[in-house]
Each structure stands twice: as C-alpha cells, then as structure tokens.
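Student: If it helps, the file is called entry-v8.txt and holds compact mmCIF, C-alpha atoms:
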```txt
# COMPACT_ATOMS: atom_id res chain seq x y z
CA MET A 1 29.67 -5.31 14.75
CA THR A 2 28.45 -1.75 15.32
CA SER A 3 31.04 0.54 16.86
CA ALA A 4 30.05 2.57 19.90
CA LEU A 5 29.73 6.31 19.62
CA ILE A 6 32.41 8.30 21.35
CA PRO A 7 31.14 10.94 23.83
CA GLU A 8 31.78 13.81 21.38
CA GLU A 9 29.60 12.12 18.74
CA ILE A 10 26.80 11.50 21.24
CA THR A 11 26.89 15.16 22.30
CA SER A 12 26.89 16.31 18.68
CA ARG A 13 23.84 14.19 17.81
CA ARG A 14 21.94 15.38 20.86
CA GLN A 15 22.68 18.99 19.99
CA SER A 16 21.54 18.43 16.41
CA ALA A 17 18.29 16.83 17.56
CA SER A 18 17.59 19.61 20.05
CA THR A 19 18.25 22.27 17.41
CA GLY A 20 15.67 20.80 15.06
CA PHE A 21 15.68 20.43 11.30
CA LYS A 22 14.32 23.36 9.30
CA LEU A 23 12.36 23.19 6.06
CA ASN A 24 11.44 26.22 3.95
CA VAL A 25 7.99 25.68 2.49
CA LEU A 26 6.35 27.48 -0.44
CA THR A 27 2.85 27.03 -1.86
CA MET A 28 1.46 28.59 -5.02
CA ASN A 29 -1.40 28.25 -7.46
CA MET A 30 0.66 28.83 -10.60
CA HIS A 31 -2.28 29.47 -12.97
CA MET A 32 -1.02 27.01 -15.62
CA GLY A 33 2.15 29.07 -16.10
CA PHE A 34 0.36 32.21 -17.28
CA GLY A 35 0.27 35.62 -15.68
CA PHE A 36 -2.73 37.67 -14.63
CA LEU A 37 -5.69 37.36 -17.06
CA ASN A 38 -3.74 34.75 -19.09
CA ARG A 39 -2.06 37.47 -21.14
CA ARG A 40 1.52 36.25 -20.92
CA PHE A 41 3.33 32.92 -20.58
CA ILE A 42 5.63 33.40 -17.58
CA LEU A 43 6.89 29.92 -16.66
CA PRO A 44 10.63 30.74 -17.18
CA GLU A 45 10.25 33.85 -14.99
CA LEU A 46 8.37 31.80 -12.42
CA ARG A 47 11.22 29.29 -12.27
CA ASP A 48 13.72 32.10 -11.61
CA ALA A 49 11.52 33.49 -8.84
CA VAL A 50 11.03 30.10 -7.20
CA ARG A 51 14.78 29.47 -7.24
CA SER A 52 15.39 32.78 -5.46
CA VAL A 53 13.51 31.79 -2.29
CA SER A 54 15.49 28.57 -1.68
CA ALA A 55 12.43 26.55 -0.71
CA ASP A 56 12.99 22.93 0.27
CA VAL A 57 9.46 21.76 -0.46
CA ILE A 58 7.13 23.43 -2.98
CA PHE A 59 3.38 22.79 -3.21
CA LEU A 60 1.97 23.68 -6.65
CA GLN A 61 -1.58 23.82 -7.92
CA GLU A 62 -2.92 24.22 -11.49
CA VAL A 63 0.15 22.62 -13.07
CA HIS A 64 0.10 21.31 -16.63
CA GLY A 65 1.36 17.76 -16.97
CA GLU A 66 0.70 17.96 -20.70
CA GLN A 67 -0.86 20.57 -23.01
CA GLN A 68 -0.49 19.76 -26.70
CA ASN A 69 -2.17 22.92 -28.00
CA HIS A 70 0.10 25.22 -26.00
CA ALA A 71 3.13 23.13 -26.95
CA GLN A 72 2.42 23.96 -30.59
CA ASN A 73 1.33 27.59 -30.21
CA VAL A 74 3.07 29.14 -27.18
CA LYS A 75 6.62 30.41 -27.55
CA ASN A 76 9.13 28.87 -25.11
CA TRP A 77 6.72 26.14 -24.04
CA PRO A 78 8.89 23.49 -22.29
CA THR A 79 9.53 20.11 -23.84
CA THR A 80 8.94 18.50 -20.43
CA SER A 81 6.01 18.82 -18.04
CA GLN A 82 5.72 22.11 -16.19
CA TYR A 83 6.63 20.55 -12.86
CA GLU A 84 9.77 18.94 -14.32
CA PHE A 85 10.73 22.26 -15.90
CA LEU A 86 10.39 24.00 -12.52
CA ALA A 87 12.20 21.25 -10.62
CA ASP A 88 15.18 21.38 -13.01
CA SER A 89 18.33 20.47 -11.06
CA MET A 90 17.35 22.09 -7.74
CA TRP A 91 14.54 19.81 -6.61
CA LYS A 92 15.67 16.26 -7.17
CA ASP A 93 12.33 14.61 -6.44
CA PHE A 94 8.87 15.53 -7.63
CA ALA A 95 5.40 14.04 -7.72
CA TYR A 96 2.35 14.89 -9.81
CA GLY A 97 -1.32 14.23 -9.21
CA ARG A 98 -3.40 14.43 -12.40
CA ASN A 99 -6.84 15.86 -11.65
CA ALA A 100 -8.36 17.24 -14.85
CA VAL A 101 -8.02 15.35 -18.15
CA TYR A 102 -9.08 16.66 -21.56
CA PRO A 103 -8.37 15.71 -25.21
CA HIS A 104 -5.24 17.86 -25.50
CA GLY A 105 -3.72 17.30 -22.08
CA HIS A 106 -4.18 17.34 -18.31
CA HIS A 107 -3.37 19.35 -15.19
CA GLY A 108 -3.32 18.88 -11.43
CA ASN A 109 -1.19 19.35 -8.32
CA ALA A 110 2.55 18.83 -7.99
CA LEU A 111 5.11 18.72 -5.21
CA LEU A 112 8.83 19.46 -5.61
CA SER A 113 11.22 18.30 -2.89
CA LYS A 114 14.95 18.53 -2.18
CA TYR A 115 14.53 15.33 -0.16
CA PRO A 116 13.48 11.90 -1.42
CA ILE A 117 9.79 11.23 -1.93
CA LEU A 118 9.37 7.69 -0.63
CA ARG A 119 5.86 7.26 -2.00
CA HIS A 120 2.92 9.33 -3.16
CA GLU A 121 -0.77 8.93 -3.87
CA ASN A 122 -3.30 11.21 -5.54
CA LEU A 123 -6.68 11.12 -3.81
CA ASP A 124 -9.59 12.06 -6.08
CA ILE A 125 -11.92 14.34 -4.10
CA SER A 126 -13.98 15.53 -7.08
CA ILE A 127 -17.69 15.91 -6.52
CA LEU A 128 -19.68 14.27 -9.32
CA GLY A 129 -20.55 16.70 -12.11
CA THR A 130 -18.19 19.51 -11.03
CA GLU A 131 -14.56 20.52 -11.47
CA GLU A 132 -11.94 17.82 -10.84
CA ARG A 133 -10.01 18.21 -7.58
CA GLY A 134 -7.40 16.19 -5.71
CA LEU A 135 -5.17 15.77 -2.68
CA LEU A 136 -1.59 14.82 -3.58
CA HIS A 137 -0.22 12.98 -0.53
CA CYS A 138 3.56 12.55 -0.48
CA VAL A 139 5.76 10.94 2.16
CA LEU A 140 9.19 12.57 2.35
CA ASP A 141 12.37 11.09 3.79
CA VAL A 142 13.91 13.97 5.74
CA PRO A 143 17.37 13.58 7.35
CA ARG A 144 17.35 12.59 11.04
CA PHE A 145 13.56 12.74 11.18
CA GLY A 146 12.44 10.03 8.82
CA GLU A 147 8.99 10.39 7.30
CA VAL A 148 7.23 13.71 6.85
CA HIS A 149 3.75 13.83 5.30
CA ALA A 150 3.20 16.59 2.72
CA ILE A 151 -0.26 17.03 1.19
CA CYS A 152 -0.85 19.41 -1.74
CA VAL A 153 -4.44 20.65 -1.92
CA HIS A 154 -6.80 22.25 -4.43
CA LEU A 155 -10.42 22.43 -3.30
CA GLY A 156 -13.61 23.28 -5.18
CA LEU A 157 -15.34 26.60 -5.74
CA ARG A 158 -18.67 25.72 -4.10
CA GLU A 159 -19.03 25.82 -0.33
CA ALA A 160 -20.96 22.55 -0.05
CA HIS A 161 -18.35 20.75 -2.14
CA ARG A 162 -15.49 22.19 -0.11
CA GLN A 163 -17.08 20.97 3.10
CA ARG A 164 -17.22 17.43 1.75
CA GLN A 165 -13.64 17.70 0.50
CA LEU A 166 -12.45 19.03 3.85
CA GLY A 167 -14.11 16.02 5.47
CA LEU A 168 -12.14 13.71 3.18
CA MET A 169 -8.96 15.58 4.07
CA ALA A 170 -9.69 15.24 7.77
CA ASP A 171 -10.26 11.51 7.29
CA LEU A 172 -6.89 11.20 5.57
CA VAL A 173 -5.07 13.09 8.34
CA SER A 174 -6.77 11.02 11.05
CA ARG A 175 -5.30 7.86 9.51
CA LEU A 176 -1.71 9.16 9.65
CA PRO A 177 0.58 8.22 12.55
CA PRO A 178 -0.34 10.62 15.38
CA GLU A 179 3.29 11.61 16.02
CA ALA A 180 4.26 12.16 12.36
CA PRO A 181 5.02 15.69 11.09
CA VAL A 182 2.31 16.85 8.66
CA ILE A 183 2.33 19.83 6.28
CA ILE A 184 -0.76 20.59 4.17
CA ALA A 185 -0.70 23.51 1.74
CA GLY A 186 -2.49 24.80 -1.30
CA ASP A 187 -5.46 26.59 -2.75
CA PHE A 188 -8.42 25.96 -0.44
CA ASN A 189 -10.72 28.50 -2.17
CA ASP A 190 -11.88 29.08 1.40
CA TRP A 191 -13.02 32.69 1.10
CA ARG A 192 -15.66 32.09 3.80
CA GLN A 193 -12.96 30.77 6.19
CA LYS A 194 -14.70 27.53 7.17
CA ALA A 195 -11.73 25.15 6.95
CA ASP A 196 -10.43 25.67 10.49
CA ALA A 197 -13.64 24.40 12.03
CA VAL A 198 -13.19 21.06 10.24
CA LEU A 199 -9.42 20.58 10.37
CA SER A 200 -8.67 21.76 13.92
CA ALA A 201 -10.30 18.57 15.23
CA THR A 202 -7.41 16.61 13.66
CA GLY A 203 -4.78 18.67 15.48
CA LEU A 204 -3.90 20.80 12.44
CA ARG A 205 -3.00 24.48 12.91
CA GLU A 206 -3.04 27.11 10.20
CA VAL A 207 0.28 28.98 10.30
CA PHE A 208 -1.03 32.49 9.54
CA VAL A 209 -3.95 32.14 11.94
CA GLU A 210 -1.54 30.97 14.63
CA SER A 211 0.92 33.80 13.98
CA PHE A 212 -1.35 36.73 13.05
CA GLY A 213 -4.88 35.74 14.07
CA ALA A 214 -6.22 35.44 10.50
CA ALA A 215 -5.53 33.53 7.30
CA ALA A 216 -3.40 35.25 4.67
CA ARG A 217 -4.86 37.44 1.96
CA SER A 218 -3.61 35.90 -1.27
CA PHE A 219 -6.04 36.72 -4.10
CA PRO A 220 -5.87 38.52 -6.45
CA ALA A 221 -2.08 38.64 -6.42
CA ARG A 222 -1.75 42.29 -7.43
CA PHE A 223 -4.03 43.49 -4.64
CA PRO A 224 -4.72 40.57 -2.28
CA LEU A 225 -8.12 40.74 -0.61
CA LEU A 226 -9.48 37.20 -0.34
CA ARG A 227 -8.03 34.57 2.01
CA LEU A 228 -8.01 31.59 -0.35
CA ASP A 229 -4.70 29.82 0.27
CA ARG A 230 -3.58 28.00 3.41
CA ILE A 231 -0.69 26.21 5.13
CA TYR A 232 -1.69 23.77 7.89
CA VAL A 233 0.76 21.86 10.08
CA ARG A 234 0.84 19.27 12.83
CA ASN A 235 3.71 18.19 15.11
CA VAL A 236 6.02 20.96 13.87
CA LYS A 237 6.98 24.50 14.86
CA VAL A 238 6.63 27.40 12.43
CA ARG A 239 8.35 30.75 12.01
CA ALA A 240 7.95 33.81 9.81
CA PRO A 241 4.95 32.98 7.60
CA LYS A 242 4.67 35.52 4.80
CA VAL A 243 2.73 36.39 1.68
CA LEU A 244 4.88 37.01 -1.39
CA SER A 245 2.81 39.77 -2.92
CA ASN A 246 5.48 42.13 -4.28
CA ARG A 247 7.15 41.99 -7.67
CA PRO A 248 7.91 39.69 -9.37
CA TRP A 249 5.32 37.49 -7.62
CA SER A 250 2.42 39.87 -8.17
CA HIS A 251 2.82 39.43 -11.93
CA LEU A 252 3.45 35.67 -12.05
CA SER A 253 -0.01 34.31 -11.19
CA ASP A 254 -3.45 35.37 -10.02
CA HIS A 255 -2.59 33.99 -6.53
CA ALA A 256 0.19 35.32 -4.30
CA PRO A 257 2.43 32.51 -2.95
CA LEU A 258 2.66 31.74 0.76
CA ALA A 259 5.92 30.81 2.51
CA VAL A 260 6.88 29.62 5.99
CA GLU A 261 9.84 28.11 7.83
CA VAL A 262 8.97 24.79 9.50
CA THR A 263 11.05 23.18 12.25
CA LEU A 264 10.63 19.44 12.71
```
Represent the structure contained in this file as structure tokens.

Tutor:
Amino acid sequence: MTSALIPEEITSRRQSASTGFKLNVLTMNMHMGFGFLNRRFILPELRDAVRSVSADVIFLQEVHGEQQNHAQNVKNWPTTSQYEFLADSMWKDFAYGRNAVYPHGHHGNALLSKYPILRHENLDISILGTEERGLLHCVLDVPRFGEVHAICVHLGLREAHRQRQLGLMADLVSRLPPEAPVIIAGDFNDWRQKADAVLSATGLREVFVESFGAAARSFPARFPLLRLDRIYVRNVKVRAPKVLSNRPWSHLSDHAPLAVEVTL
C-alpha cells in the first residue's frame, strides 16, 4: 500500500517542481588533448580546468578512445581512454561515439554526465569519401524530470556536407517526444551560420543567438573570430551563456569552450 503524502510534502514537491532543475552544460572540441598547434599535451591541465566549472553534462569532440602511438611516445599519456581520464570520479556516467578509425587507434565524440545515461547511440553522418562525423545521442535520467536527450555533434568542413548532416540531425530531433527536453551541443563548423535555418523548424533555439542575437565566437581560442560551436535547446530555459576564452582555456585547445545554465 502506498502511503498518502502529508500536506507539507505535497507543498514541498510543488515548490521543487516550480523552481525547476538546473543543469550546467559545457561543450568543447578538445583537439585530441593537445594545445594550440599540437605543441603540447595538455590533457591533465584540461581535466583540472573542466573540474573547476562544475559542469553537470559535458559534450566533447575530437576525443581519443585509443591512440597506440601516443601511448608509447607521449609523456603522461593516460592508461585509459581520454574520456574516462576526464570523467575520473566526478562524472559517473560517460558515453563514447567512435567516428574515425585508423590502424593505431580511433577518435570521436564523448559525453560525460553526473546523472545516469540510460542508453546511447552513435549515428554515423559521414558523407562518403570525406572525414568521418557522428551524432552521439544520449538519454539521461535526471531527477524529478525523467529523460533528457543530449546530442553531441561534430559536423563536416564542407558546406554541402554540413547541410546534409544538419538535415539528418533535424530528422533525429523530429522523432523525439515533442515534450522532451533536448540539448544539442558541439562543433558545427558553421562559419557561414546556416544551421539556424535548418534546425529552427524543429523547435530548437540556439542559446547565444537567443541571448545576444548572434552565435558565439569560439575559434581560434586565443583570439576567437569564427562562430563554429553551438548549443541548441528545446523545452528548456537558459541563463548566462558564455564563451570561456580566457586562461587557462585559451591555451587548452584551438576551440574556446561554451557554457550555459539550463533549467528543465
């Protein structure tokens, strides 16, 4: 038999629901764990920096799942995958989508989460004969709100390929439950700013465009000029989107990370 809630408990739950549940989101193209121009291996420093922002969900692109040559030749190369090294004890769940495979290893997208990842799928959106790309779709189990869809993105360098990949992304979003919270983040390589025209039809909003009228400048990290990275959302509220372009971030990758607070 289920016991009835006392009035104080009912009031408390209603207040909690009305307050909303907040998630701190971070996205970053981590450049395989090397700094600007590949001169220095910075993965341990990157882990310290990521810990300092207390993100709940982290979207990562250009992550090594395995790299045998670097494991033998690079000092302090981790004995685990890069995403496991970054997750450490702070992000209990993680998922990896392998995109590019070569004789000595592979790399792709990864997602780190403080909340359980119920299931995940890596959608291959590579265009035949070009660089391998993917959408890592994860379903998170967030307290009081159930399922939240998180999609980590890395799109191609050519405009025609990106348009086809954006179409595949829009198809994926259109198949999700219409009321479900959705967060999509990553490296769109969208320097011509064409993504909004495709994704807005699915109800997605870009958080920097919504807050400031333009997508964030994120590349190159030391002097951001190009608007390559994005965070899109649906069925959530956002607050305080920002580009992390100061030290140490400016020296930890060729892309500056993006961060935002999301309320479910």

Student: Would you list the contacts of region 131-141 of chain A as a short mmCIF file (atom, residue, chain, number, x, y, z; two decimals) with C-alpha atoms, keeping the file's coordinate frame, taking every protein, DNA or RNA residue within 9 Å and counting all atoms listed in the file, but skipping same-chain residues closer than 6 positions in sequence?

Tutor:
```
data_model
loop_
_atom_site.label_atom_id
_atom_site.label_comp_id
_atom_site.auth_asym_id
_atom_site.auth_seq_id
_atom_site.Cartn_x
_atom_site.Cartn_y
_atom_site.Cartn_z
CA ALA A 95 5.40 14.04 -7.72
CA TYR A 96 2.35 14.89 -9.81
CA GLY A 97 -1.32 14.23 -9.21
CA ARG A 98 -3.40 14.43 -12.40
CA ASN A 99 -6.84 15.86 -11.65
CA ALA A 100 -8.36 17.24 -14.85
CA VAL A 101 -8.02 15.35 -18.15
CA GLY A 108 -3.32 18.88 -11.43
CA ASN A 109 -1.19 19.35 -8.32
CA ALA A 110 2.55 18.83 -7.99
CA LEU A 111 5.11 18.72 -5.21
CA SER A 113 11.22 18.30 -2.89
CA TYR A 115 14.53 15.33 -0.16
CA PRO A 116 13.48 11.90 -1.42
CA ILE A 117 9.79 11.23 -1.93
CA LEU A 118 9.37 7.69 -0.63
CA ARG A 119 5.86 7.26 -2.00
CA HIS A 120 2.92 9.33 -3.16
CA GLU A 121 -0.77 8.93 -3.87
CA ASN A 122 -3.30 11.21 -5.54
CA LEU A 123 -6.68 11.12 -3.81
CA ASP A 124 -9.59 12.06 -6.08
CA ILE A 125 -11.92 14.34 -4.10
CA GLU A 147 8.99 10.39 7.30
CA VAL A 148 7.23 13.71 6.85
CA HIS A 149 3.75 13.83 5.30
CA ALA A 150 3.20 16.59 2.72
CA ILE A 151 -0.26 17.03 1.19
CA CYS A 152 -0.85 19.41 -1.74
CA VAL A 153 -4.44 20.65 -1.92
CA HIS A 154 -6.80 22.25 -4.43
CA LEU A 155 -10.42 22.43 -3.30
CA GLY A 156 -13.61 23.28 -5.18
CA LEU A 157 -15.34 26.60 -5.74
CA GLN A 165 -13.64 17.70 0.50
CA MET A 169 -8.96 15.58 4.07
CA ILE A 184 -0.76 20.59 4.17
#
```

Student: Which distance in Å separates CA of Arg175 (chain A) and CA of Arg205 (chain A), to one decimal?

Tutor: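 Interatomic distance, CA of Arg175 (chain A) to CA of Arg205 (chain A): 17.1 Å.
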
Student: From the set A:Ser52, A:Asn235, A:Asn246, A:Gln193, which residue has the shortest atom-to-atom contact distance to Met90 (chain A), counting all atoms listed in the file?

Tutor: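 Checking each candidate against Met90 (chain A), we get A:Ser52 as the closest.
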
Student: Of the residues A:Pro143, A:Pro78, A:Pro257, A:Pro181, which is the one nearest to Val238 (chain A), using all atoms listed in the file?

Tutor: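 So, comparing all the options, the nearest one is A:Pro181.
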
Student: Figure out the distance between CA of Gly146 (chain A) and CA of Val233 (chain A), please, to one decimal in Å.

Tutor: 16.7 Å

Student: With all atoms listed in the file as the basis for distance, which of A:Arg162, A:Arg51, A:His64, A:His107 is at the shortest distance from Gly33 (chain A)?

Tutor: A:His64

Student: To one decimal in Å, tell me the separation between CA of Val25 (chain A) and CA of Gln82 (chain A).

Tutor: 19.2 Å

Student: Measuring atom to atom with only C-alpha atoms, identify which of A:Arg192, A:His161, A:His251, A:Lys75 is nearest to Arg222 (chain A).

Tutor: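 Closest to Arg222 (chain A), using only C-alpha atoms: A:His251.
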
Student: Choose the residue, out of A:Leu128, A:Ala195, A:Ile58, A:Ala221, that has the smallest atom-to-atom separation from Leu166 (chain A); count only C-alpha atoms.

Tutor: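 Using only C-alpha atoms, the shortest distance to Leu166 (chain A) belongs to A:Ala195.
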
Student: Write out as a PyMOL selection string which residues come within 9 Å of Gly167 (chain A) when counting only C-alpha atoms, dropping same-chain ones fewer than 5 positions away.

Tutor: chain A and resi 162+172+198-199

Student: Please provide the set of residues having any atom within 12 Å of Lys194 (chain A), restricted to only C-alpha atoms, with same-chain residues fewer than 6 positions apart removed, written as a PyMOL selection string.

Tutor: chain A and resi 159-160+162-167+188+200+215+227-228+230

Student: When you count all atoms listed in the file, which of these residues is closest to Leu86 (chain A): A:Leu46, A:Ala185, A:Val142, A:Leu176?

Tutor: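 For Leu86 (chain A), the nearest of the given residues is A:Leu46.
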